[in-house]
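Novice: Here you go, this is target_9.pdb (PDB, N, CA and C atoms, pLDDT in the B column).
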ATOM      1  N   MET Y   1       0.847  -1.189   0.000  1.00 48.00           N
ATOM      2  CA  MET Y   1       0.000   0.000   0.000  1.00 48.00           C
ATOM      3  C   MET Y   1       0.890   1.249   0.000  1.00 48.00           C
ATOM      4  N   TYR Y   2       0.434   2.264  -0.710  1.00 59.00           N
ATOM      5  CA  TYR Y   2       1.191   3.501  -0.831  1.00 59.00           C
ATOM      6  C   TYR Y   2       0.868   4.431   0.330  1.00 59.00           C
ATOM      7  N   GLU Y   3       1.814   5.265   0.638  1.00 82.00           N
ATOM      8  CA  GLU Y   3       1.612   6.232   1.711  1.00 82.00           C
ATOM      9  C   GLU Y   3       0.591   7.298   1.334  1.00 82.00           C
ATOM     10  N   LYS Y   4       0.575   7.671   0.059  1.00 90.00           N
ATOM     11  CA  LYS Y   4      -0.290   8.762  -0.396  1.00 90.00           C
ATOM     12  C   LYS Y   4      -1.134   8.303  -1.579  1.00 90.00           C
ATOM     13  N   PRO Y   5      -2.323   8.868  -1.711  1.00 92.00           N
ATOM     14  CA  PRO Y   5      -3.113   8.606  -2.913  1.00 92.00           C
ATOM     15  C   PRO Y   5      -2.377   9.146  -4.149  1.00 92.00           C
ATOM     16  N   ILE Y   6      -2.663   8.561  -5.300  1.00 93.00           N
ATOM     17  CA  ILE Y   6      -1.952   8.934  -6.525  1.00 93.00           C
ATOM     18  C   ILE Y   6      -2.085  10.414  -6.865  1.00 93.00           C
ATOM     19  N   LEU Y   7      -3.254  10.996  -6.675  1.00 94.00           N
ATOM     20  CA  LEU Y   7      -3.417  12.420  -7.001  1.00 94.00           C
ATOM     21  C   LEU Y   7      -2.574  13.308  -6.088  1.00 94.00           C
ATOM     22  N   GLU Y   8      -2.558  12.982  -4.828  1.00 95.00           N
ATOM     23  CA  GLU Y   8      -1.754  13.766  -3.891  1.00 95.00           C
ATOM     24  C   GLU Y   8      -0.284  13.708  -4.283  1.00 95.00           C
ATOM     25  N   ARG Y   9       0.192  12.516  -4.626  1.00 96.00           N
ATOM     26  CA  ARG Y   9       1.592  12.356  -5.014  1.00 96.00           C
ATOM     27  C   ARG Y   9       1.875  13.062  -6.346  1.00 96.00           C
ATOM     28  N   ALA Y  10       0.936  12.990  -7.280  1.00 96.00           N
ATOM     29  CA  ALA Y  10       1.117  13.644  -8.577  1.00 96.00           C
ATOM     30  C   ALA Y  10       1.264  15.155  -8.404  1.00 96.00           C
ATOM     31  N   PHE Y  11       0.415  15.749  -7.582  1.00 97.00           N
ATOM     32  CA  PHE Y  11       0.495  17.194  -7.364  1.00 97.00           C
ATOM     33  C   PHE Y  11       1.788  17.558  -6.631  1.00 97.00           C
ATOM     34  N   GLU Y  12       2.219  16.715  -5.738  1.00 96.00           N
ATOM     35  CA  GLU Y  12       3.470  16.945  -5.025  1.00 96.00           C
ATOM     36  C   GLU Y  12       4.649  16.934  -6.012  1.00 96.00           C
ATOM     37  N   LEU Y  13       4.665  15.940  -6.891  1.00 96.00           N
ATOM     38  CA  LEU Y  13       5.732  15.868  -7.888  1.00 96.00           C
ATOM     39  C   LEU Y  13       5.677  17.058  -8.847  1.00 96.00           C
ATOM     40  N   ALA Y  14       4.483  17.458  -9.238  1.00 96.00           N
ATOM     41  CA  ALA Y  14       4.337  18.596 -10.155  1.00 96.00           C
ATOM     42  C   ALA Y  14       4.911  19.863  -9.538  1.00 96.00           C
ATOM     43  N   ARG Y  15       4.699  20.053  -8.251  1.00 96.00           N
ATOM     44  CA  ARG Y  15       5.206  21.254  -7.558  1.00 96.00           C
ATOM     45  C   ARG Y  15       6.710  21.216  -7.338  1.00 96.00           C
ATOM     46  N   SER Y  16       7.329  20.050  -7.505  1.00 95.00           N
ATOM     47  CA  SER Y  16       8.761  19.907  -7.225  1.00 95.00           C
ATOM     48  C   SER Y  16       9.641  20.678  -8.212  1.00 95.00           C
ATOM     49  N   GLY Y  17       9.134  20.902  -9.426  1.00 93.00           N
ATOM     50  CA  GLY Y  17       9.945  21.574 -10.438  1.00 93.00           C
ATOM     51  C   GLY Y  17      10.846  20.626 -11.206  1.00 93.00           C
ATOM     52  N   ASP Y  18      10.741  19.332 -10.926  1.00 95.00           N
ATOM     53  CA  ASP Y  18      11.593  18.346 -11.592  1.00 95.00           C
ATOM     54  C   ASP Y  18      11.024  17.866 -12.928  1.00 95.00           C
ATOM     55  N   TYR Y  19       9.808  18.217 -13.224  1.00 95.00           N
ATOM     56  CA  TYR Y  19       9.140  17.706 -14.416  1.00 95.00           C
ATOM     57  C   TYR Y  19       8.579  18.851 -15.242  1.00 95.00           C
ATOM     58  N   SER Y  20       8.813  18.782 -16.550  1.00 91.00           N
ATOM     59  CA  SER Y  20       8.289  19.829 -17.419  1.00 91.00           C
ATOM     60  C   SER Y  20       7.026  19.386 -18.140  1.00 91.00           C
ATOM     61  N   ARG Y  21       6.757  18.083 -18.132  1.00 92.00           N
ATOM     62  CA  ARG Y  21       5.585  17.546 -18.818  1.00 92.00           C
ATOM     63  C   ARG Y  21       4.877  16.533 -17.932  1.00 92.00           C
ATOM     64  N   VAL Y  22       3.583  16.399 -18.153  1.00 93.00           N
ATOM     65  CA  VAL Y  22       2.785  15.449 -17.377  1.00 93.00           C
ATOM     66  C   VAL Y  22       3.229  14.019 -17.675  1.00 93.00           C
ATOM     67  N   LYS Y  23       3.637  13.747 -18.905  1.00 93.00           N
ATOM     68  CA  LYS Y  23       4.120  12.408 -19.266  1.00 93.00           C
ATOM     69  C   LYS Y  23       5.321  12.009 -18.406  1.00 93.00           C
ATOM     70  N   GLU Y  24       6.226  12.931 -18.163  1.00 94.00           N
ATOM     71  CA  GLU Y  24       7.389  12.661 -17.317  1.00 94.00           C
ATOM     72  C   GLU Y  24       6.942  12.350 -15.894  1.00 94.00           C
ATOM     73  N   LEU Y  25       5.986  13.100 -15.443  1.00 94.00           N
ATOM     74  CA  LEU Y  25       5.430  12.912 -14.099  1.00 94.00           C
ATOM     75  C   LEU Y  25       4.769  11.532 -13.992  1.00 94.00           C
ATOM     76  N   GLU Y  26       4.045  11.126 -15.033  1.00 93.00           N
ATOM     77  CA  GLU Y  26       3.408   9.810 -15.048  1.00 93.00           C
ATOM     78  C   GLU Y  26       4.441   8.694 -14.968  1.00 93.00           C
ATOM     79  N   LYS Y  27       5.561   8.866 -15.671  1.00 94.00           N
ATOM     80  CA  LYS Y  27       6.638   7.864 -15.623  1.00 94.00           C
ATOM     81  C   LYS Y  27       7.207   7.761 -14.211  1.00 94.00           C
ATOM     82  N   ALA Y  28       7.370   8.893 -13.556  1.00 95.00           N
ATOM     83  CA  ALA Y  28       7.886   8.888 -12.184  1.00 95.00           C
ATOM     84  C   ALA Y  28       6.916   8.174 -11.252  1.00 95.00           C
ATOM     85  N   LEU Y  29       5.637   8.420 -11.417  1.00 94.00           N
ATOM     86  CA  LEU Y  29       4.622   7.744 -10.598  1.00 94.00           C
ATOM     87  C   LEU Y  29       4.673   6.239 -10.826  1.00 94.00           C
ATOM     88  N   SER Y  30       4.835   5.851 -12.075  1.00 93.00           N
ATOM     89  CA  SER Y  30       4.905   4.432 -12.414  1.00 93.00           C
ATOM     90  C   SER Y  30       6.120   3.778 -11.754  1.00 93.00           C
ATOM     91  N   LYS Y  31       7.254   4.473 -11.772  1.00 94.00           N
ATOM     92  CA  LYS Y  31       8.468   3.951 -11.130  1.00 94.00           C
ATOM     93  C   LYS Y  31       8.281   3.789  -9.624  1.00 94.00           C
ATOM     94  N   GLU Y  32       7.420   4.625  -9.053  1.00 93.00           N
ATOM     95  CA  GLU Y  32       7.136   4.540  -7.622  1.00 93.00           C
ATOM     96  C   GLU Y  32       6.110   3.451  -7.311  1.00 93.00           C
ATOM     97  N   GLY Y  33       5.560   2.826  -8.368  1.00 92.00           N
ATOM     98  CA  GLY Y  33       4.641   1.720  -8.171  1.00 92.00           C
ATOM     99  C   GLY Y  33       3.166   2.046  -8.313  1.00 92.00           C
ATOM    100  N   TYR Y  34       2.858   3.265  -8.697  1.00 91.00           N
ATOM    101  CA  TYR Y  34       1.461   3.631  -8.909  1.00 91.00           C
ATOM    102  C   TYR Y  34       0.995   3.072 -10.247  1.00 91.00           C
ATOM    103  N   ALA Y  35      -0.292   2.794 -10.382  1.00 86.00           N
ATOM    104  CA  ALA Y  35      -0.856   2.219 -11.606  1.00 86.00           C
ATOM    105  C   ALA Y  35      -0.692   3.167 -12.784  1.00 86.00           C
ATOM    106  N   LYS Y  36      -0.284   2.623 -13.917  1.00 82.00           N
ATOM    107  CA  LYS Y  36      -0.046   3.443 -15.112  1.00 82.00           C
ATOM    108  C   LYS Y  36      -1.311   4.077 -15.661  1.00 82.00           C
ATOM    109  N   GLY Y  37      -2.384   3.356 -15.739  1.00 78.00           N
ATOM    110  CA  GLY Y  37      -3.584   3.879 -16.378  1.00 78.00           C
ATOM    111  C   GLY Y  37      -4.614   4.419 -15.415  1.00 78.00           C
ATOM    112  N   ASP Y  38      -4.175   4.943 -14.285  1.00 83.00           N
ATOM    113  CA  ASP Y  38      -5.128   5.428 -13.288  1.00 83.00           C
ATOM    114  C   ASP Y  38      -6.013   6.514 -13.880  1.00 83.00           C
ATOM    115  N   PRO Y  39      -7.331   6.329 -13.814  1.00 87.00           N
ATOM    116  CA  PRO Y  39      -8.245   7.301 -14.441  1.00 87.00           C
ATOM    117  C   PRO Y  39      -8.202   8.693 -13.823  1.00 87.00           C
ATOM    118  N   HIS Y  40      -7.795   8.806 -12.585  1.00 84.00           N
ATOM    119  CA  HIS Y  40      -7.724  10.123 -11.940  1.00 84.00           C
ATOM    120  C   HIS Y  40      -6.725  11.032 -12.644  1.00 84.00           C
ATOM    121  N   ILE Y  41      -5.626  10.478 -13.071  1.00 88.00           N
ATOM    122  CA  ILE Y  41      -4.571  11.264 -13.715  1.00 88.00           C
ATOM    123  C   ILE Y  41      -4.960  11.639 -15.145  1.00 88.00           C
ATOM    124  N   HIS Y  42      -5.831  10.869 -15.763  1.00 89.00           N
ATOM    125  CA  HIS Y  42      -6.185  11.112 -17.158  1.00 89.00           C
ATOM    126  C   HIS Y  42      -7.376  12.046 -17.335  1.00 89.00           C
ATOM    127  N   SER Y  43      -7.908  12.536 -16.253  1.00 92.00           N
ATOM    128  CA  SER Y  43      -8.990  13.524 -16.341  1.00 92.00           C
ATOM    129  C   SER Y  43      -8.428  14.806 -16.952  1.00 92.00           C
ATOM    130  N   PRO Y  44      -9.106  15.362 -17.954  1.00 94.00           N
ATOM    131  CA  PRO Y  44      -8.601  16.589 -18.590  1.00 94.00           C
ATOM    132  C   PRO Y  44      -8.364  17.741 -17.603  1.00 94.00           C
ATOM    133  N   SER Y  45      -9.235  17.888 -16.640  1.00 95.00           N
ATOM    134  CA  SER Y  45      -9.056  18.993 -15.692  1.00 95.00           C
ATOM    135  C   SER Y  45      -7.845  18.762 -14.781  1.00 95.00           C
ATOM    136  N   VAL Y  46      -7.617  17.525 -14.396  1.00 95.00           N
ATOM    137  CA  VAL Y  46      -6.450  17.213 -13.557  1.00 95.00           C
ATOM    138  C   VAL Y  46      -5.173  17.406 -14.366  1.00 95.00           C
ATOM    139  N   ARG Y  47      -5.157  16.934 -15.597  1.00 95.00           N
ATOM    140  CA  ARG Y  47      -3.962  17.086 -16.441  1.00 95.00           C
ATOM    141  C   ARG Y  47      -3.636  18.574 -16.658  1.00 95.00           C
ATOM    142  N   LYS Y  48      -4.663  19.372 -16.823  1.00 96.00           N
ATOM    143  CA  LYS Y  48      -4.457  20.809 -17.003  1.00 96.00           C
ATOM    144  C   LYS Y  48      -3.822  21.422 -15.758  1.00 96.00           C
ATOM    145  N   GLN Y  49      -4.314  21.034 -14.590  1.00 96.00           N
ATOM    146  CA  GLN Y  49      -3.755  21.539 -13.331  1.00 96.00           C
ATOM    147  C   GLN Y  49      -2.315  21.073 -13.149  1.00 96.00           C
ATOM    148  N   LEU Y  50      -2.053  19.807 -13.446  1.00 96.00           N
ATOM    149  CA  LEU Y  50      -0.691  19.282 -13.314  1.00 96.00           C
ATOM    150  C   LEU Y  50       0.260  19.988 -14.276  1.00 96.00           C
ATOM    151  N   ARG Y  51      -0.187  20.199 -15.500  1.00 95.00           N
ATOM    152  CA  ARG Y  51       0.635  20.892 -16.494  1.00 95.00           C
ATOM    153  C   ARG Y  51       0.980  22.298 -16.000  1.00 95.00           C
ATOM    154  N   PHE Y  52      -0.017  22.998 -15.484  1.00 95.00           N
ATOM    155  CA  PHE Y  52       0.198  24.350 -14.964  1.00 95.00           C
ATOM    156  C   PHE Y  52       1.213  24.335 -13.812  1.00 95.00           C
ATOM    157  N   LEU Y  53       1.050  23.401 -12.883  1.00 95.00           N
ATOM    158  CA  LEU Y  53       1.968  23.322 -11.746  1.00 95.00           C
ATOM    159  C   LEU Y  53       3.388  22.982 -12.183  1.00 95.00           C
ATOM    160  N   CYS Y  54       3.521  22.051 -13.125  1.00 94.00           N
ATOM    161  CA  CYS Y  54       4.849  21.685 -13.622  1.00 94.00           C
ATOM    162  C   CYS Y  54       5.553  22.907 -14.219  1.00 94.00           C
ATOM    163  N   LEU Y  55       4.850  23.605 -15.083  1.00 92.00           N
ATOM    164  CA  LEU Y  55       5.448  24.771 -15.732  1.00 92.00           C
ATOM    165  C   LEU Y  55       5.718  25.899 -14.750  1.00 92.00           C
ATOM    166  N   SER Y  56       4.795  26.132 -13.842  1.00 92.00           N
ATOM    167  CA  SER Y  56       4.981  27.199 -12.850  1.00 92.00           C
ATOM    168  C   SER Y  56       6.170  26.913 -11.949  1.00 92.00           C
ATOM    169  N   ALA Y  57       6.295  25.694 -11.511  1.00 92.00           N
ATOM    170  CA  ALA Y  57       7.396  25.329 -10.610  1.00 92.00           C
ATOM    171  C   ALA Y  57       8.730  25.477 -11.312  1.00 92.00           C
ATOM    172  N   ARG Y  58       8.793  25.090 -12.568  1.00 85.00           N
ATOM    173  CA  ARG Y  58      10.049  25.220 -13.312  1.00 85.00           C
ATOM    174  C   ARG Y  58      10.398  26.685 -13.581  1.00 85.00           C
ATOM    175  N   ASN Y  59       9.404  27.506 -13.837  1.00 84.00           N
ATOM    176  CA  ASN Y  59       9.656  28.935 -14.068  1.00 84.00           C
ATOM    177  C   ASN Y  59      10.101  29.633 -12.784  1.00 84.00           C
ATOM    178  N   LEU Y  60       9.571  29.232 -11.660  1.00 72.00           N
ATOM    179  CA  LEU Y  60       9.977  29.827 -10.381  1.00 72.00           C
ATOM    180  C   LEU Y  60      11.425  29.494 -10.058  1.00 72.00           C
ATOM    181  N   GLU Y  61      11.890  28.304 -10.463  1.00 61.00           N
ATOM    182  CA  GLU Y  61      13.273  27.924 -10.218  1.00 61.00           C
ATOM    183  C   GLU Y  61      14.236  28.830 -10.957  1.00 61.00           C
ATOM    184  N   ARG Y  62      13.830  29.344 -12.087  1.00 59.00           N
ATOM    185  CA  ARG Y  62      14.715  30.144 -12.936  1.00 59.00           C
ATOM    186  C   ARG Y  62      14.833  31.586 -12.461  1.00 59.00           C
ATOM    187  N   VAL Y  63      13.941  32.015 -11.608  1.00 46.00           N
ATOM    188  CA  VAL Y  63      13.935  33.406 -11.153  1.00 46.00           C
ATOM    189  C   VAL Y  63      15.021  33.612 -10.116  1.00 46.00           C
TER     190      VAL Y  63
END
Kindly transcribe the structure held in the file into structure tokens.
Specialist:
Amino acid sequence: MYEKPILERAFELARSGDYSRVKELEKALSKEGYAKGDPHIHSPSVRKQLRFLCLSARNLERV
């Protein structure tokens, strides 16, 4: 069993600034043992939020 639900972990990874794309984030989740085809991650609204967080976190690192 995982310590955190997949969505919580996905948002945490997105905020880290280590990922520029949601696909990269999905690969990281998979390496951590989360299910590849989890429907929560494939929701258009969730993907949009994750994309925004990934890009925002990376832009903040550059400032």
Novice: Quick one: residues within 8 Å of region 20-24 of chain Y, only C-alpha atoms, excluding same-chain residues fewer than 4 positions away - as a list in words?
Specialist: Ala28, Arg47, Leu50, Arg51, Cys54, Leu55 and Arg58 of chain Y
Novice: Residues near region 2-13 of chain Y, anyone? I mean within 8 Å using all atoms listed in the file, not counting same-chain ones fewer than 4 positions away, as a list of chain:residue names.
Specialist: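 That gives Y:Gly17, Y:Asp18, Y:Tyr19, Y:Leu25, Y:Glu26, Y:Leu29, Y:Gly33, Y:Tyr34, Y:Ala35, Y:His40, Y:Ile41, Y:Gln49, Y:Leu50, Y:Leu53, Y:Cys54.
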Novice: Expressed in Å to a single decimal, how great is the separation between CA of Pro44 (chain Y) and CA of Ser16 (chain Y)?
Specialist: 21.0 Å
Novice: Between CA of Phe52 (chain Y) and CA of Arg15 (chain Y), measure the distance and give it in Å to one decimal.
Specialist: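 Distance between the two atoms: 9.5 Å.
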Novice: Report the distance between atom C of Ser56 (chain Y) and CA of Ala14 (chain Y) in Å, rounded to one decimal place.
Specialist: 8.7 Å
Novice: Running DSSP on the backbone, which parts of chain Y land in helix (DSSP H, G or I), as a PyMOL selection string?
Specialist: chain Y and resi 6-16+22-31+44-62
Novice: Using all atoms of region 9-27 of chain Y that appear in the file, construct an axis-aligned enclosing box with 8 Å of padding on every side and provide its centre coordinates and edge lengths in Å, rounded to one decimal, as AutoDock Vina command-line options.
Specialist:
--center_x 5.9 --center_y 14.7 --center_z -11.9 --size_x 27.4 --size_y 29.8 --size_z 30.6
Novice: Add whatever atoms are absent from region 47-59 of chain Y to reach N, CA, C and O atoms, and provide the output as a compact mmCIF listing (two decimals), in the coordinates of the input.
Specialist:
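Output (result_20.txt):
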# COMPACT_ATOMS: atom_id res chain seq x y z
N ARG Y 47 -5.16 16.93 -15.60
CA ARG Y 47 -3.96 17.09 -16.44
C ARG Y 47 -3.64 18.57 -16.66
O ARG Y 47 -2.48 18.97 -16.65
N LYS Y 48 -4.66 19.37 -16.82
CA LYS Y 48 -4.46 20.81 -17.00
C LYS Y 48 -3.82 21.42 -15.76
O LYS Y 48 -2.88 22.22 -15.85
N GLN Y 49 -4.31 21.03 -14.59
CA GLN Y 49 -3.76 21.54 -13.33
C GLN Y 49 -2.32 21.07 -13.15
O GLN Y 49 -1.45 21.86 -12.74
N LEU Y 50 -2.05 19.81 -13.45
CA LEU Y 50 -0.69 19.28 -13.31
C LEU Y 50 0.26 19.99 -14.28
O LEU Y 50 1.38 20.34 -13.90
N ARG Y 51 -0.19 20.20 -15.50
CA ARG Y 51 0.64 20.89 -16.49
C ARG Y 51 0.98 22.30 -16.00
O ARG Y 51 2.13 22.73 -16.08
N PHE Y 52 -0.02 23.00 -15.48
CA PHE Y 52 0.20 24.35 -14.96
C PHE Y 52 1.21 24.34 -13.81
O PHE Y 52 2.13 25.15 -13.77
N LEU Y 53 1.05 23.40 -12.88
CA LEU Y 53 1.97 23.32 -11.75
C LEU Y 53 3.39 22.98 -12.18
O LEU Y 53 4.36 23.55 -11.66
N CYS Y 54 3.52 22.05 -13.12
CA CYS Y 54 4.85 21.68 -13.62
C CYS Y 54 5.55 22.91 -14.22
O CYS Y 54 6.71 23.19 -13.89
N LEU Y 55 4.85 23.60 -15.08
CA LEU Y 55 5.45 24.77 -15.73
C LEU Y 55 5.72 25.90 -14.75
O LEU Y 55 6.77 26.55 -14.81
N SER Y 56 4.80 26.13 -13.84
CA SER Y 56 4.98 27.20 -12.85
C SER Y 56 6.17 26.91 -11.95
O SER Y 56 6.98 27.80 -11.68
N ALA Y 57 6.30 25.69 -11.51
CA ALA Y 57 7.40 25.33 -10.61
C ALA Y 57 8.73 25.48 -11.31
O ALA Y 57 9.71 25.95 -10.73
N ARG Y 58 8.79 25.09 -12.57
CA ARG Y 58 10.05 25.22 -13.31
C ARG Y 58 10.40 26.68 -13.58
O ARG Y 58 11.56 27.07 -13.52
N ASN Y 59 9.40 27.51 -13.84
CA ASN Y 59 9.66 28.94 -14.07
C ASN Y 59 10.10 29.63 -12.78
O ASN Y 59 10.92 30.54 -12.84
